[in-house]
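Below is work.pdb, which holds PDB, C-alpha atoms and all ligand atoms.
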```
ATOM      1  CA  MET F  24     122.471 134.868 116.960
ATOM      2  CA  SER F  25     123.187 131.350 118.105
ATOM      3  CA  TYR F  26     120.543 128.714 118.803
ATOM      4  CA  GLU F  27     120.522 125.000 119.577
ATOM      5  CA  THR F  28     117.903 123.864 117.052
ATOM      6  CA  ILE F  29     117.724 126.558 114.385
ATOM      7  CA  THR F  30     120.075 128.821 112.468
ATOM      8  CA  VAL F  31     119.272 132.456 111.760
ATOM      9  CA  GLU F  32     120.891 134.628 109.164
ATOM     10  CA  GLN F  33     120.137 138.155 107.993
ATOM     11  CA  ARG F  34     120.554 138.725 104.271
ATOM     12  CA  ASP F  35     119.926 142.426 103.745
ATOM     13  CA  ALA F  36     116.318 142.972 104.853
ATOM     14  CA  VAL F  37     115.407 139.266 104.847
ATOM     15  CA  THR F  38     115.793 136.976 107.858
ATOM     16  CA  LEU F  39     116.416 133.346 106.943
ATOM     17  CA  ILE F  40     115.465 130.897 109.711
ATOM     18  CA  THR F  41     116.408 127.249 109.197
ATOM     19  CA  LEU F  42     115.136 124.375 111.326
ATOM     20  CA  ASN F  43     118.302 122.482 112.122
ATOM     21  CA  ARG F  44     117.663 118.990 113.482
ATOM     22  CA  PRO F  45     118.246 117.071 110.232
ATOM     23  CA  LYS F  46     118.878 113.733 111.984
ATOM     24  CA  SER F  47     115.309 113.697 113.258
ATOM     25  CA  LEU F  48     113.960 115.283 110.054
ATOM     26  CA  ASN F  49     113.678 118.626 111.884
ATOM     27  CA  ALA F  50     111.106 117.272 114.358
ATOM     28  CA  LEU F  51     109.645 120.074 116.443
ATOM     29  CA  ASN F  52     110.427 119.777 120.161
ATOM     30  CA  SER F  53     110.129 122.326 122.986
ATOM     31  CA  GLN F  54     113.592 123.683 122.295
ATOM     32  CA  VAL F  55     112.618 124.387 118.670
ATOM     33  CA  LEU F  56     109.589 126.285 119.936
ATOM     34  CA  ASP F  57     111.690 128.368 122.347
ATOM     35  CA  ASP F  58     114.257 129.075 119.640
ATOM     36  CA  LEU F  59     111.627 129.992 117.032
ATOM     37  CA  ILE F  60     109.772 132.287 119.441
ATOM     38  CA  ASP F  61     113.013 134.102 120.168
ATOM     39  CA  ALA F  62     114.047 134.318 116.499
ATOM     40  CA  PHE F  63     110.638 135.476 115.265
ATOM     41  CA  GLY F  64     110.452 137.976 118.155
ATOM     42  CA  LYS F  65     113.810 139.479 117.137
ATOM     43  CA  PHE F  66     112.763 139.531 113.470
ATOM     44  CA  GLU F  67     109.557 141.377 114.373
ATOM     45  CA  ALA F  68     111.389 143.887 116.582
ATOM     46  CA  ASP F  69     114.222 144.674 114.146
ATOM     47  CA  ALA F  70     113.167 147.538 111.862
ATOM     48  CA  SER F  71     115.894 146.634 109.347
ATOM     49  CA  GLN F  72     114.188 143.254 108.719
ATOM     50  CA  ARG F  73     111.138 143.286 106.457
ATOM     51  CA  CYS F  74     110.392 139.675 105.545
ATOM     52  CA  ALA F  75     111.439 136.225 106.769
ATOM     53  CA  VAL F  76     111.841 132.792 105.217
ATOM     54  CA  LEU F  77     111.513 129.621 107.262
ATOM     55  CA  THR F  78     112.941 126.395 105.849
ATOM     56  CA  GLY F  79     114.346 123.045 106.953
ATOM     57  CA  SER F  80     117.936 121.852 106.844
ATOM     58  CA  GLY F  81     118.832 118.784 104.808
ATOM     59  CA  ASP F  82     117.155 117.731 101.588
ATOM     60  CA  LYS F  83     114.526 115.428 103.103
ATOM     61  CA  ALA F  84     112.313 117.476 105.353
ATOM     62  CA  PHE F  85     110.924 120.854 106.258
ATOM     63  CA  ALA F  86     109.725 119.215 109.483
ATOM     64  CA  ALA F  87     108.376 115.696 109.969
ATOM     65  CA  GLY F  88     106.107 116.815 112.786
ATOM     66  CA  ALA F  89     106.118 117.437 116.490
ATOM     67  CA  ASP F  90     108.821 115.362 118.175
ATOM     68  CA  ILE F  91     107.138 112.025 118.784
ATOM     69  CA  LYS F  92     109.822 110.918 121.247
ATOM     70  CA  GLU F  93     109.241 114.005 123.393
ATOM     71  CA  MET F  94     105.441 113.732 123.112
ATOM     72  CA  SER F  95     105.470 110.050 124.074
ATOM     73  CA  GLU F  96     106.694 111.001 127.554
ATOM     74  CA  LYS F  97     104.039 113.608 128.235
ATOM     75  CA  ALA F  98     100.624 113.091 129.798
ATOM     76  CA  ALA F  99      97.400 114.859 128.843
ATOM     77  CA  ALA F 100      97.801 117.229 131.796
ATOM     78  CA  ASP F 101     101.219 118.335 130.527
ATOM     79  CA  PHE F 102      99.815 119.193 127.114
ATOM     80  CA  TYR F 103      96.716 120.870 128.546
ATOM     81  CA  LEU F 104      98.154 122.850 131.441
ATOM     82  CA  ASP F 105     101.338 123.895 129.626
ATOM     83  CA  ASP F 106      99.420 124.569 126.394
ATOM     84  CA  PHE F 107     102.579 123.774 124.430
ATOM     85  CA  PHE F 108     100.858 123.650 121.063
ATOM     86  CA  GLY F 109      98.832 126.821 121.728
ATOM     87  CA  LYS F 110     102.063 128.801 122.041
ATOM     88  CA  TRP F 111     103.019 128.109 118.433
ATOM     89  CA  THR F 112      99.989 130.085 117.280
ATOM     90  CA  SER F 113     100.037 132.799 119.935
ATOM     91  CA  GLU F 114     103.774 133.506 119.702
ATOM     92  CA  ILE F 115     104.607 132.808 116.070
ATOM     93  CA  VAL F 116     101.427 133.726 114.224
ATOM     94  CA  LYS F 117      99.644 136.343 116.304
ATOM     95  CA  LYS F 118     102.660 138.397 117.348
ATOM     96  CA  VAL F 119     104.402 138.446 113.975
ATOM     97  CA  ARG F 120     102.840 141.147 111.841
ATOM     98  CA  LYS F 121     105.572 141.266 109.208
ATOM     99  CA  PRO F 122     105.267 138.834 106.298
ATOM    100  CA  TRP F 123     107.083 135.495 106.270
ATOM    101  CA  ILE F 124     107.264 132.616 103.834
ATOM    102  CA  ALA F 125     107.642 128.874 104.432
ATOM    103  CA  ALA F 126     110.037 127.255 101.948
ATOM    104  CA  VAL F 127     109.029 123.606 102.182
ATOM    105  CA  ASN F 128     111.778 121.209 101.141
ATOM    106  CA  GLY F 129     110.523 117.636 101.567
ATOM    107  CA  PHE F 130     108.275 116.305 104.342
ATOM    108  CA  ALA F 131     105.925 118.749 106.069
ATOM    109  CA  LEU F 132     103.958 116.386 108.272
ATOM    110  CA  GLY F 133     101.758 116.867 111.318
ATOM    111  CA  GLY F 134     103.101 119.876 113.209
ATOM    112  CA  GLY F 135     105.472 120.475 110.271
ATOM    113  CA  CYS F 136     102.540 120.926 107.901
ATOM    114  CA  GLU F 137     100.816 123.054 110.518
ATOM    115  CA  LEU F 138     103.893 125.244 110.968
ATOM    116  CA  ALA F 139     104.187 125.715 107.192
ATOM    117  CA  MET F 140     100.509 126.702 107.045
ATOM    118  CA  MET F 141     101.140 129.381 109.721
ATOM    119  CA  ALA F 142     103.294 131.203 107.161
ATOM    120  CA  ASP F 143     101.763 133.875 104.948
ATOM    121  CA  PHE F 144     102.336 131.558 102.027
ATOM    122  CA  ILE F 145     104.221 128.426 101.124
ATOM    123  CA  ILE F 146     106.676 127.881  98.298
ATOM    124  CA  ALA F 147     107.337 124.161  97.882
ATOM    125  CA  SER F 148     110.044 122.129  96.211
ATOM    126  CA  GLU F 149     109.015 119.397  93.791
ATOM    127  CA  ASN F 150     109.741 116.726  96.417
ATOM    128  CA  ALA F 151     107.585 118.367  99.106
ATOM    129  CA  LYS F 152     105.024 116.166 100.828
ATOM    130  CA  PHE F 153     102.296 117.475 103.087
ATOM    131  CA  GLY F 154     100.275 115.422 105.527
ATOM    132  CA  GLN F 155      98.398 115.274 108.825
ATOM    133  CA  PRO F 156      99.175 111.701 109.897
ATOM    134  CA  GLU F 157      98.488 112.269 113.621
ATOM    135  CA  ILE F 158      95.557 109.845 113.540
ATOM    136  CA  LYS F 159      98.056 106.980 113.134
ATOM    137  CA  LEU F 160      99.539 107.975 116.505
ATOM    138  CA  GLY F 161      96.143 107.961 118.199
ATOM    139  CA  VAL F 162      95.869 111.756 118.185
ATOM    140  CA  ALA F 163      94.855 114.526 115.788
ATOM    141  CA  PRO F 164      96.218 117.841 114.535
ATOM    142  CA  GLY F 165      96.780 120.190 117.491
ATOM    143  CA  MET F 166      98.420 123.271 115.994
ATOM    144  CA  GLY F 167      95.658 124.377 113.639
ATOM    145  CA  GLY F 168      95.957 121.705 110.940
ATOM    146  CA  SER F 169      92.303 120.707 110.826
ATOM    147  CA  GLN F 170      91.323 124.371 110.461
ATOM    148  CA  ARG F 171      94.021 125.835 108.203
ATOM    149  CA  LEU F 172      94.215 122.801 105.916
ATOM    150  CA  THR F 173      90.438 122.779 105.511
ATOM    151  CA  ARG F 174      90.366 126.502 104.739
ATOM    152  CA  ALA F 175      93.155 126.028 102.176
ATOM    153  CA  VAL F 176      92.127 122.863 100.342
ATOM    154  CA  GLY F 177      88.464 122.402 101.301
ATOM    155  CA  LYS F 178      86.689 119.695 103.241
ATOM    156  CA  ALA F 179      87.097 116.710 100.916
ATOM    157  CA  LYS F 180      90.868 116.665 100.764
ATOM    158  CA  ALA F 181      91.380 117.872 104.351
ATOM    159  CA  MET F 182      89.046 115.220 105.718
ATOM    160  CA  GLU F 183      90.659 112.489 103.629
ATOM    161  CA  MET F 184      94.154 113.518 104.703
ATOM    162  CA  CYS F 185      93.256 113.723 108.406
ATOM    163  CA  LEU F 186      91.326 110.446 108.402
ATOM    164  CA  THR F 187      93.754 108.364 106.339
ATOM    165  CA  GLY F 188      97.078 110.120 106.949
ATOM    166  CA  ARG F 189      97.643 110.245 103.200
ATOM    167  CA  MET F 190     100.397 112.598 102.077
ATOM    168  CA  MET F 191      99.835 115.148  99.344
ATOM    169  CA  GLY F 192     102.654 115.756  96.866
ATOM    170  CA  ALA F 193     103.764 119.198  95.724
ATOM    171  CA  GLU F 194     101.917 119.172  92.422
ATOM    172  CA  GLU F 195      98.622 118.224  94.056
ATOM    173  CA  ALA F 196      99.253 120.782  96.812
ATOM    174  CA  GLU F 197      99.636 123.534  94.230
ATOM    175  CA  ARG F 198      96.476 122.406  92.419
ATOM    176  CA  ALA F 199      94.614 122.361  95.725
ATOM    177  CA  ASN F 200      95.791 125.882  96.704
ATOM    178  CA  LEU F 201      97.846 124.760  99.668
ATOM    179  CA  VAL F 202     101.003 126.260  98.172
ATOM    180  CA  ALA F 203     101.582 129.402  96.150
ATOM    181  CA  ARG F 204     104.223 127.902  93.873
ATOM    182  CA  VAL F 205     106.246 124.737  93.235
ATOM    183  CA  VAL F 206     109.874 125.060  92.130
ATOM    184  CA  PRO F 207     112.712 122.605  91.446
ATOM    185  CA  GLN F 208     114.369 121.457  94.668
ATOM    186  CA  ASP F 209     117.699 123.088  93.826
ATOM    187  CA  ASP F 210     116.027 126.458  93.261
ATOM    188  CA  LEU F 211     113.801 126.467  96.347
ATOM    189  CA  LEU F 212     115.835 128.649  98.656
ATOM    190  CA  ASP F 213     116.780 131.105  95.906
ATOM    191  CA  GLU F 214     113.175 131.431  94.802
ATOM    192  CA  ALA F 215     111.892 131.887  98.364
ATOM    193  CA  MET F 216     114.609 134.444  99.121
ATOM    194  CA  LYS F 217     113.803 136.295  95.885
ATOM    195  CA  SER F 218     110.126 136.470  96.831
ATOM    196  CA  ALA F 219     111.066 137.620 100.324
ATOM    197  CA  ALA F 220     113.409 140.299  98.941
ATOM    198  CA  LEU F 221     110.611 141.547  96.705
ATOM    199  CA  ILE F 222     108.289 141.845  99.707
ATOM    200  CA  ALA F 223     111.068 143.385 101.814
ATOM    201  CA  GLY F 224     111.416 146.086  99.160
ATOM    202  CA  MET F 225     107.751 147.100  99.439
ATOM    203  CA  PRO F 226     106.550 150.008 101.613
ATOM    204  CA  PRO F 227     106.523 148.491 105.129
ATOM    205  CA  MET F 228     103.147 149.853 106.272
ATOM    206  CA  ALA F 229     101.515 148.624 103.078
ATOM    207  CA  ALA F 230     103.110 145.178 103.526
ATOM    208  CA  VAL F 231     101.694 144.765 107.040
ATOM    209  CA  ALA F 232      98.302 146.136 105.964
ATOM    210  CA  ASN F 233      98.079 143.797 102.954
ATOM    211  CA  LYS F 234      98.869 140.826 105.225
ATOM    212  CA  GLU F 235      96.286 141.923 107.795
ATOM    213  CA  MET F 236      93.504 142.362 105.274
ATOM    214  CA  VAL F 237      94.049 139.034 103.509
ATOM    215  CA  ASN F 238      94.092 137.292 106.897
ATOM    216  CA  ALA F 239      90.871 139.089 107.838
ATOM    217  CA  ALA F 240      89.133 137.147 105.053
ATOM    218  CA  PHE F 241      89.427 134.063 107.281
ATOM    219  CA  GLU F 242      88.138 135.749 110.410
ATOM    220  CA  THR F 243      85.178 137.883 109.330
ATOM    221  CA  GLY F 244      82.080 137.956 107.166
ATOM    222  CA  LEU F 245      82.333 139.590 103.725
ATOM    223  CA  ASP F 246      80.823 142.966 104.712
ATOM    224  CA  GLN F 247      83.071 143.351 107.770
ATOM    225  CA  GLY F 248      86.086 142.175 105.807
ATOM    226  CA  ILE F 249      85.469 144.741 103.088
ATOM    227  CA  ILE F 250      85.015 147.531 105.642
ATOM    228  CA  PHE F 251      88.243 146.445 107.374
ATOM    229  CA  GLU F 252      90.018 146.511 104.014
ATOM    230  CA  ARG F 253      88.699 149.977 103.145
ATOM    231  CA  ARG F 254      89.687 151.431 106.529
ATOM    232  CA  LEU F 255      93.230 150.117 106.154
ATOM    233  CA  PHE F 256      93.320 151.472 102.605
ATOM    234  CA  GLN F 257      92.191 154.865 103.914
ATOM    235  CA  ILE F 258      94.854 154.828 106.631
ATOM    236  CA  LEU F 259      97.513 154.031 104.019
ATOM    237  CA  THR F 260      96.429 157.024 101.923
ATOM    238  CA  ALA F 261      97.616 159.247 104.780
ATOM    239  CA  SER F 262     101.115 157.733 104.784
ATOM    240  CA  GLU F 263     104.250 159.410 103.466
ATOM    241  CA  ASP F 264     104.931 156.250 101.493
ATOM    242  CA  LYS F 265     101.642 156.672  99.601
ATOM    243  CA  ALA F 266     102.744 160.154  98.480
ATOM    244  CA  GLU F 267     106.191 158.797  97.618
ATOM    245  CA  GLY F 268     104.830 155.711  95.801
ATOM    246  CA  MET F 269     102.514 157.722  93.603
ATOM    247  CA  ALA F 270     105.133 160.411  92.915
ATOM    248  CA  ALA F 271     107.677 157.709  92.040
ATOM    249  CA  PHE F 272     105.241 156.178  89.557
ATOM    250  CA  ILE F 273     104.528 159.517  87.891
ATOM    251  CA  GLU F 274     108.227 160.448  87.807
ATOM    252  CA  LYS F 275     109.128 156.971  86.478
ATOM    253  CA  ARG F 276     111.559 156.103  89.282
ATOM    254  CA  GLU F 277     111.813 153.640  92.183
ATOM    255  CA  GLY F 278     110.118 154.591  95.460
ATOM    256  CA  ASN F 279     112.254 155.494  98.443
ATOM    257  CA  TRP F 280     110.258 154.178 101.398
ATOM    258  CA  LYS F 281     110.199 155.755 104.819
ATOM    259  CA  GLY F 282     107.941 153.260 106.561
ATOM    260  CA  ARG F 283     105.771 156.208 107.616
TER     261      ARG F 283
HETATM  262  C1  LIG F 301     110.702 112.417 116.209
HETATM  263  C2  LIG F 301     111.250 111.719 114.100
HETATM  264  C3  LIG F 301     110.027 112.217 113.597
HETATM  265  C4  LIG F 301     109.144 112.871 114.511
HETATM  266  C5  LIG F 301     111.117 111.328 111.962
HETATM  267  N1  LIG F 301     111.884 111.177 113.061
HETATM  268  N2  LIG F 301     109.969 111.958 112.265
HETATM  269  N3  LIG F 301     111.579 111.819 115.400
HETATM  270  N4  LIG F 301     109.526 112.931 115.818
HETATM  271  N5  LIG F 301     107.986 113.421 114.136
HETATM  272  C6  LIG F 301     113.197 110.544 113.147
HETATM  273  C7  LIG F 301     113.099 109.026 113.045
HETATM  274  O1  LIG F 301     112.773 108.474 114.305
HETATM  275  C8  LIG F 301     114.508 108.668 112.608
HETATM  276  O2  LIG F 301     115.354 108.737 113.747
HETATM  277  C9  LIG F 301     114.887 109.834 111.689
HETATM  278  O3  LIG F 301     114.014 110.907 112.039
HETATM  279  C10 LIG F 301     114.682 109.510 110.228
HETATM  280  O4  LIG F 301     113.356 109.045 110.033
HETATM  281  P1  LIG F 301     112.996 107.678 109.289
HETATM  282  O5  LIG F 301     111.650 107.294 109.734
HETATM  283  O6  LIG F 301     114.095 106.683 109.447
HETATM  284  O7  LIG F 301     112.996 108.176 107.771
HETATM  285  P2  LIG F 301     112.121 107.613 106.569
HETATM  286  O8  LIG F 301     112.080 106.115 106.596
HETATM  287  O9  LIG F 301     112.631 108.284 105.356
HETATM  288  O10 LIG F 301     110.624 108.106 106.852
HETATM  289  C11 LIG F 301     110.335 109.483 106.825
HETATM  290  C12 LIG F 301     108.928 109.740 107.458
HETATM  291  C13 LIG F 301     108.869 109.071 108.841
HETATM  292  C14 LIG F 301     107.856 109.181 106.541
HETATM  293  C15 LIG F 301     108.766 111.249 107.529
HETATM  294  O11 LIG F 301     109.989 109.515 109.591
HETATM  295  C16 LIG F 301     107.637 109.425 109.606
HETATM  296  O12 LIG F 301     106.560 108.907 109.341
HETATM  297  N6  LIG F 301     107.787 110.299 110.629
HETATM  298  C17 LIG F 301     106.708 110.630 111.530
HETATM  299  C18 LIG F 301     105.734 111.545 110.839
HETATM  300  C19 LIG F 301     104.576 111.887 111.754
HETATM  301  O13 LIG F 301     103.838 111.036 112.226
HETATM  302  N7  LIG F 301     104.432 113.182 112.029
HETATM  303  C20 LIG F 301     103.387 113.688 112.889
HETATM  304  C21 LIG F 301     103.873 113.717 114.288
HETATM  305  S1  LIG F 301     102.583 114.124 115.409
HETATM  306  P3  LIG F 301     116.312 107.512 114.125
HETATM  307  O14 LIG F 301     116.931 107.959 115.424
HETATM  308  O15 LIG F 301     115.443 106.336 114.236
HETATM  309  O16 LIG F 301     117.257 107.469 112.967
HETATM  310  C22 LIG F 301     102.442 115.772 115.315
HETATM  311  C23 LIG F 301     101.397 116.354 116.226
HETATM  312  C24 LIG F 301     101.363 117.860 116.082
HETATM  313  O17 LIG F 301     103.101 116.430 114.607
HETATM  314  C25 LIG F 301     100.085 118.449 116.512
HETATM  315  C26 LIG F 301      99.987 118.756 117.936
HETATM  316  C27 LIG F 301      99.172 117.817 118.720
END
```
Translate this file's structure into structure tokens.
Amino acid sequence: MSYETITVEQRDAVTLITLNRPKSLNALNSQVLDDLIDAFGKFEADASQRCAVLTGSGDKAFAAGADIKEMSEKAAADFYLDDFFGKWTSEIVKKVRKPWIAAVNGFALGGGCELAMMADFIIASENAKFGQPEIKLGVAPGMGGSQRLTRAVGKAKAMEMCLTGRMMGAEEAERANLVARVVPQDDLLDEAMKSAALIAGMPPMAAVANKEMVNAAFETGLDQGIIFERRLFQILTASEDKAEGMAAFIEKREGNWKGR
């Protein structure tokens, strides 16, 4: 798998995708979008792959935002009619049902922060910095930042970050529930890959169902969310992997998953 702006590597059942424009701090241009859509599409379609990790190359940035040089040449009609930023959500979030983790190493700003927040969860290195500084460019978040950041950290911090462009460090981000875990910079990739391998070793139907039901908490009221959860639970009880998982527990052995 060869791409212009990313690298993709399969390590057993985990796909590692690395944003690879270190000279521009992995700024997200149209080519990155095309490459990511292709890579995530292949990950989703490949039954041997069960979890993905997305990270940035270099030690400075996950992604310092949408590519400002590319954006500076576009008019409102280009953004609106092409719906460039809409495609990130429709192609990378909505179509990918398998779990994936963002391993944030350094700056995750603007679209970079928004891309990280599209992941199922974020593991951050100690030098990670999150921010929505679009206001300083005369714009605003356009890939879900105002919504996902607010849902994650609440109104006070989200509003402050969007209005002032202030960056949030890793420790604060963990306290504010933006990230699942903070790890030393040197351990980031290992830790993210370990988490991904753990998830990849889970029964596949249960992994997708767990992701769907947690995400439903952001889309529905409590009653509907609980019904959705119970229905998925009930569907899982009919799976071969439920019988195998429970038998494996009783027989004190590892489960051998069929994905059925
Ligand atoms: C294009 C970028 C870039 C970006 C950095 N670079 N961010 N190029 N788009 N978003 C480039 C710089 O131009 C520079 O290239 C090289 O990367 C290194 O960056 P420096 O600024 O020299 O590094 P440093 O001084 O360490 O500062 C790091 C930084 C700063 C604080 C992250 O680069 C920065 O503020 N970047 C912009 C962050 C930002 O505003 N992001 C939001 C973008 S808007 P050269 O060629 O000069 O060496 C957005 C909208 C999305 O994301 C939502 C949809 C509407």
| request: Grab the atom C7 of ligand LIG 301 (chain F) to atom CA of F:Phe130 distance for me, in Å with one decimal place. | output: 12.3 Å
| said: If the PyMOL selection byres (((not hetatm)) within 8 of (chain F and resi 301)) were run on this exact file, what residues would it hold? Put them as a PyMOL selection string. | reply: chain F and resi 45-51+83-84+86-93+108+130+132-135+137+155-157+159-160+162-168
| said: Counting only C-alpha atoms, which residue out of F:Arg204, F:Arg73, F:Lys97, F:Lys217 sits closest to F:Ala147? | reply: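 Residue with the minimum atom-to-atom distance to F:Ala147: F:Arg204.
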Scan for residues within 12 Å of the point (113.8, 145.6, 111.7) in the coordinates of the file, using only C-alpha atoms, and reply as a compact mmCIF listing (two decimals) with C-alpha atoms, keeping the file's coordinate frame.
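Result file is result23.txt:
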```txt
# COMPACT_ATOMS: atom_id res chain seq x y z
CA GLN F 33 120.14 138.16 107.99
CA ASP F 35 119.93 142.43 103.74
CA ALA F 36 116.32 142.97 104.85
CA VAL F 37 115.41 139.27 104.85
CA THR F 38 115.79 136.98 107.86
CA PHE F 63 110.64 135.48 115.26
CA GLY F 64 110.45 137.98 118.16
CA LYS F 65 113.81 139.48 117.14
CA PHE F 66 112.76 139.53 113.47
CA GLU F 67 109.56 141.38 114.37
CA ALA F 68 111.39 143.89 116.58
CA ASP F 69 114.22 144.67 114.15
CA ALA F 70 113.17 147.54 111.86
CA SER F 71 115.89 146.63 109.35
CA GLN F 72 114.19 143.25 108.72
CA ARG F 73 111.14 143.29 106.46
CA CYS F 74 110.39 139.68 105.54
CA ALA F 75 111.44 136.22 106.77
CA ARG F 120 102.84 141.15 111.84
CA LYS F 121 105.57 141.27 109.21
CA ALA F 223 111.07 143.38 101.81
CA PRO F 227 106.52 148.49 105.13
CA GLY F 282 107.94 153.26 106.56
```
| query | Which is closer to F:Asn52 than all the others in F:Met141, F:Met94, F:Ala181, F:Glu32, using all atoms listed in the file? | reply | F:Met94
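Nearest-residue note for F:Ser25: choosing from F:Asp213, F:Ala98, F:Asp58, F:Leu42, the minimum distance belongs to F:Asp58, counting only C-alpha atoms.
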| request: Using the chain letters and numbering of this document, enumerate as a VMD selection string the residues selected by the PyMOL selection byres (((chain F and resi 191-195) around 7) and not hetatm). | output: chain F and resid 147 to 154 189 to 190 196 to 199 205
I would like the residues chosen by the PyMOL selection byres (((chain F and resi 146) around 9) and not hetatm) on the shown file; could you give them as a JSON list (two decimals) with C-alpha atoms, in the frame of the given file?
```
[["chain", "number", "residue", "atom", "x", "y", "z"],
["F", 124, "ILE", "CA", 107.26, 132.62, 103.83],
["F", 125, "ALA", "CA", 107.64, 128.87, 104.43],
["F", 126, "ALA", "CA", 110.04, 127.26, 101.95],
["F", 127, "VAL", "CA", 109.03, 123.61, 102.18],
["F", 128, "ASN", "CA", 111.78, 121.21, 101.14],
["F", 144, "PHE", "CA", 102.34, 131.56, 102.03],
["F", 145, "ILE", "CA", 104.22, 128.43, 101.12],
["F", 147, "ALA", "CA", 107.34, 124.16, 97.88],
["F", 148, "SER", "CA", 110.04, 122.13, 96.21],
["F", 202, "VAL", "CA", 101.00, 126.26, 98.17],
["F", 203, "ALA", "CA", 101.58, 129.40, 96.15],
["F", 204, "ARG", "CA", 104.22, 127.90, 93.87],
["F", 205, "VAL", "CA", 106.25, 124.74, 93.24],
["F", 206, "VAL", "CA", 109.87, 125.06, 92.13],
["F", 211, "LEU", "CA", 113.80, 126.47, 96.35],
["F", 214, "GLU", "CA", 113.18, 131.43, 94.80],
["F", 215, "ALA", "CA", 111.89, 131.89, 98.36]]
```
| said: Just checking: using only C-alpha atoms, which residue out of F:Ala229, F:Gly129, F:Val76, F:Glu114 ends up closest to F:Asp209? | reply: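 Of the candidates, the smallest distance to F:Asp209 is held by F:Gly129.
Of the residues listed (F:Asp61, F:Glu277, F:Glu235, F:Asp82), F:Asp82 shows the shortest atom-to-atom separation from F:Asn43; distances use only C-alpha atoms.
What separates atom CA of F:Ala230 from atom CA of F:Leu172 is a distance of 24.2 Å.
From atom CA of F:Met236 back to atom CA of F:Ala261, the distance works out to 17.4 Å.
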| Which residue of F:Ala271, F:Thr173, F:Asn200, F:Trp123 approaches F:Val231 most closely, using only C-alpha atoms | F:Trp123
| query | For the point (109.6, 156.4, 106.1) in file coordinates, what residues are within 9 Å, counting all atoms listed in the file? Give the answer as a list in words? | reply |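 Looking at atoms near the point gives Pro226, Pro227, Ser262, Glu263, Asp264, Asn279, Trp280, Lys281, Gly282 and Arg283 of chain F.
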Emit the selected residues as a PDB file, keeping the file's coordinate frame, including C-alpha atoms.
```pdb
ATOM      1  CA  PRO F 226     106.550 150.008 101.613  1.00  0.00           C
ATOM      2  CA  PRO F 227     106.523 148.491 105.129  1.00  0.00           C
ATOM      3  CA  SER F 262     101.115 157.733 104.784  1.00  0.00           C
ATOM      4  CA  GLU F 263     104.250 159.410 103.466  1.00  0.00           C
ATOM      5  CA  ASP F 264     104.931 156.250 101.493  1.00  0.00           C
ATOM      6  CA  ASN F 279     112.254 155.494  98.443  1.00  0.00           C
ATOM      7  CA  TRP F 280     110.258 154.178 101.398  1.00  0.00           C
ATOM      8  CA  LYS F 281     110.199 155.755 104.819  1.00  0.00           C
ATOM      9  CA  GLY F 282     107.941 153.260 106.561  1.00  0.00           C
ATOM     10  CA  ARG F 283     105.771 156.208 107.616  1.00  0.00           C
TER      11      ARG F 283
END
```
| task | Name the residues in contact with F:Asp57 at a cut-off of 10 Å, using only C-alpha atoms, excluding same-chain residues fewer than 3 positions from it; report them as a PyMOL selection string. | result | chain F and resi 26-28+52-54+60-62+110-111+114
Add whatever atoms are absent from stretch 116-126 of chain F to reach N, CA and C atoms, and provide the output as a compact mmCIF listing (two decimals), in the coordinates of the input.
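Result file is rebuild01.txt:
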```txt
# COMPACT_ATOMS: atom_id res chain seq x y z
N VAL F 116 102.36 133.18 115.21
CA VAL F 116 101.43 133.73 114.22
C VAL F 116 100.90 135.08 114.68
N LYS F 117 100.35 135.12 115.88
CA LYS F 117 99.64 136.34 116.30
C LYS F 117 100.59 137.52 116.51
N LYS F 118 101.78 137.26 117.03
CA LYS F 118 102.66 138.40 117.35
C LYS F 118 103.52 138.87 116.18
N VAL F 119 103.55 138.06 115.11
CA VAL F 119 104.40 138.45 113.98
C VAL F 119 103.53 139.11 112.91
N ARG F 120 103.69 140.43 112.79
CA ARG F 120 102.84 141.15 111.84
C ARG F 120 103.53 141.32 110.49
N LYS F 121 104.86 141.17 110.50
CA LYS F 121 105.57 141.27 109.21
C LYS F 121 105.38 139.96 108.43
N PRO F 122 105.48 140.04 107.11
CA PRO F 122 105.27 138.83 106.30
C PRO F 122 106.41 137.82 106.42
N TRP F 123 106.05 136.54 106.35
CA TRP F 123 107.08 135.50 106.27
C TRP F 123 106.59 134.34 105.42
N ILE F 124 107.55 133.66 104.82
CA ILE F 124 107.26 132.62 103.83
C ILE F 124 107.82 131.29 104.35
N ALA F 125 107.07 130.20 104.15
CA ALA F 125 107.64 128.87 104.43
C ALA F 125 108.17 128.31 103.12
N ALA F 126 109.44 127.92 103.11
CA ALA F 126 110.04 127.26 101.95
C ALA F 126 110.11 125.77 102.30
```
